[in-house]
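What follows is a short report on a single structure.
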Amino acid sequence: QVQLVESGGGLVQAGGSLRLSCAASGITFGDNVVDWYRRAPGKQREFIASINAWNITNYADSVKGRFTIARVNAKNTVWLQMNSLKPEETGVYYCNTWGSQGEYWGQGTQVTVSS
């Protein structure tokens with residue numbers, strides 16, 4: 001059974017930092033693309049960042065220079081380092097992976113940025 005488990009969310013003040021983790025079981029990230037998405041209150045889910053098997057990264061314009069996505073293949077984990085967080089970045093952050101083994105989503109982790 002494939003599971004993606006996000007962790008690292010919480011409450012942080014504006015300007016603060018958090019590191020989210022996405023740990024996989026039942027699937028290997030190695031050949032997959034891994035994405036992070038955010039669903040803000042009352043809004044649709046939006047793309048934040050991605051990393052592919054060759055460690056090529058892509059970011060939403062709104063987070064470039066502040067967020068960093070990285071993969072730790074030995075731990076089958078992907079991190080999302082978030083710096084200089086803004087109140088509007090409050091929401092549930094989801095990990096997604098897709099590739100030859102199919103597409104899977106985690107349950108999400110709540111991030112709340114207070115002003």
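Every chain in the structure tokens takes a letter, A first, then B, and so on in the order presented; its residues are numbered from 1, and the ligands are numbered from 1 following the presented order.
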
Select from stretch 21-42 of chain A every residue with an atom at most 8 Å from any atom of stretch 60-78 of chain A, then for each give the shortest pair of atoms and their distance in Å to one decimal, using only C-alpha atoms, rows by chain and rising number, as a Markdown table.
```
| residue | atom | partner | partner_atom | distance |
| --- | --- | --- | --- | --- |
| A:Ser21 | CA | A:Val78 | CA | 5.8 |
| A:Cys22 | CA | A:Val78 | CA | 5.2 |
| A:Ala23 | CA | A:Thr77 | CA | 4.5 |
| A:Ala24 | CA | A:Asn76 | CA | 5.9 |
| A:Ser25 | CA | A:Asn76 | CA | 7.9 |
| A:Thr28 | CA | A:Asn76 | CA | 6.4 |
| A:Phe29 | CA | A:Asn76 | CA | 5.9 |
| A:Gly30 | CA | A:Asn73 | CA | 6.3 |
| A:Val34 | CA | A:Val78 | CA | 7.5 |
```

Please dump the current selection as a compact mmCIF listing (two decimals), in the first residue's frame; keep all heavy atoms.
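The resulting file, part23.txt, is shown below:
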```
# COMPACT_ATOMS: atom_id res chain seq x y z
N SER A 21 8.15 17.89 5.44
CA SER A 21 8.70 16.64 4.93
C SER A 21 7.58 15.79 4.34
O SER A 21 6.45 15.81 4.84
CB SER A 21 9.37 15.85 6.04
OG SER A 21 10.51 16.50 6.52
N CYS A 22 7.92 15.06 3.31
CA CYS A 22 7.01 14.11 2.70
C CYS A 22 7.74 12.77 2.65
O CYS A 22 8.73 12.65 1.92
CB CYS A 22 6.60 14.55 1.30
SG CYS A 22 5.58 13.36 0.42
N ALA A 23 7.28 11.84 3.43
CA ALA A 23 7.91 10.53 3.49
C ALA A 23 7.02 9.51 2.79
O ALA A 23 5.81 9.47 3.02
CB ALA A 23 8.14 10.12 4.93
N ALA A 24 7.63 8.69 1.96
CA ALA A 24 6.88 7.71 1.18
C ALA A 24 7.14 6.30 1.67
O ALA A 24 8.25 5.96 2.07
CB ALA A 24 7.25 7.80 -0.29
N SER A 25 6.09 5.51 1.62
CA SER A 25 6.22 4.07 1.85
C SER A 25 5.42 3.35 0.79
O SER A 25 4.41 3.86 0.31
CB SER A 25 5.74 3.68 3.24
OG SER A 25 4.38 4.03 3.41
N THR A 28 8.86 4.12 -4.36
CA THR A 28 10.18 4.76 -4.33
C THR A 28 10.12 6.06 -5.10
O THR A 28 9.69 6.09 -6.25
CB THR A 28 11.23 3.82 -4.96
OG1 THR A 28 11.24 2.58 -4.24
CG2 THR A 28 12.61 4.46 -4.89
N PHE A 29 10.56 7.12 -4.46
CA PHE A 29 10.55 8.43 -5.12
C PHE A 29 11.53 8.51 -6.28
O PHE A 29 11.40 9.35 -7.14
CB PHE A 29 10.90 9.51 -4.11
CG PHE A 29 9.74 10.01 -3.29
CD1 PHE A 29 9.97 10.59 -2.05
CD2 PHE A 29 8.44 9.92 -3.75
CE1 PHE A 29 8.92 11.07 -1.29
CE2 PHE A 29 7.38 10.40 -2.99
CZ PHE A 29 7.63 10.97 -1.75
N GLY A 30 12.53 7.63 -6.26
CA GLY A 30 13.69 7.80 -7.12
C GLY A 30 13.40 8.22 -8.55
O GLY A 30 14.03 9.13 -9.06
N VAL A 34 8.08 14.69 -7.68
CA VAL A 34 7.42 14.95 -6.41
C VAL A 34 7.08 16.44 -6.36
O VAL A 34 7.94 17.29 -6.62
CB VAL A 34 8.30 14.58 -5.21
CG1 VAL A 34 7.54 14.84 -3.90
CG2 VAL A 34 8.72 13.11 -5.30
```

Proximity to A:Asn32 - best of A:Ser17, A:Val92, A:Ser100, A:Leu11, only C-alpha atoms =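 Checking each candidate against A:Asn32, we get A:Ser100 as the closest.
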
For atom CA of A:Gln101 and atom CA of A:Val33, the interatomic separation in Å (one decimal) =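 Taking atom CA of A:Gln101 and atom CA of A:Val33, their separation equals 10.9 Å.
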
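For the residues A:Arg38, A:Tyr59, A:Ile48, A:Thr97, ranking by smallest atom-to-atom distance to A:Gly9 using only C-alpha atoms places A:Arg38 first.
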
Atomic separation - atom CA of A:Ala40 relative to atom CA of A:Ile56, Å | 26.0 Å

Smallest atom-to-atom distance to A:Asn83: which of A:Asn55, A:Gln44, A:Val113, A:Gln3, using only C-alpha atoms?
-> A:Val113

From the set A:Val111, A:Ala49, A:Leu80, A:Leu20, which residue has the shortest atom-to-atom contact distance to A:Glu6, counting only C-alpha atoms?
->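 Among the listed residues, A:Leu20 lies closest to A:Glu6.
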
Atomic distance atom CA of A:Tyr94 - atom CA of A:Tyr37, expressed in Å with one decimal | 5.1 Å

Please give the complete set of residues from chain A that DSSP, run on the backbone, assigns to strand (DSSP E or B), formatted as a VMD selection string.
-> chain A and resid 3 to 7 10 to 13 18 to 25 33 to 39 45 to 51 57 to 59 67 to 72 77 to 82 91 to 99 102 to 105 109 to 114

Could you name the residues that touch A:Gly15 at 9 Å or less, counting only C-alpha atoms, but leaving out those on the same chain fewer than 6 positions away, as an NGL selection string?
-> :A and (83-87 or 113 or 115)

Best match for closeness to A:Ile51 among A:Gly26, A:Asn96, A:Arg19, A:Gln107, counting only C-alpha atoms |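 The shortest atom-to-atom distance to A:Ile51 comes from A:Asn96.
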
List every residue of chain A that DSSP, applied to the backbone of this structure, places in helix (DSSP H, G or I), and write the result as a VMD selection string.
-> chain A and resid 29 to 31 61 to 63 73 to 75 87 to 89

All residues 7 Å or closer to A:Ser114, only C-alpha atoms, same chain fewer than 5 positions away omitted, as JSON, numbers by chain | {"A": [12, 13, 14, 87]}

Of the candidates A:Gly16, A:Asp35, A:Arg45, A:Ile27, which one gets nearest to A:Val2 if we count only C-alpha atoms?
->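 Distance minimum relative to A:Val2 lands on A:Ile27.
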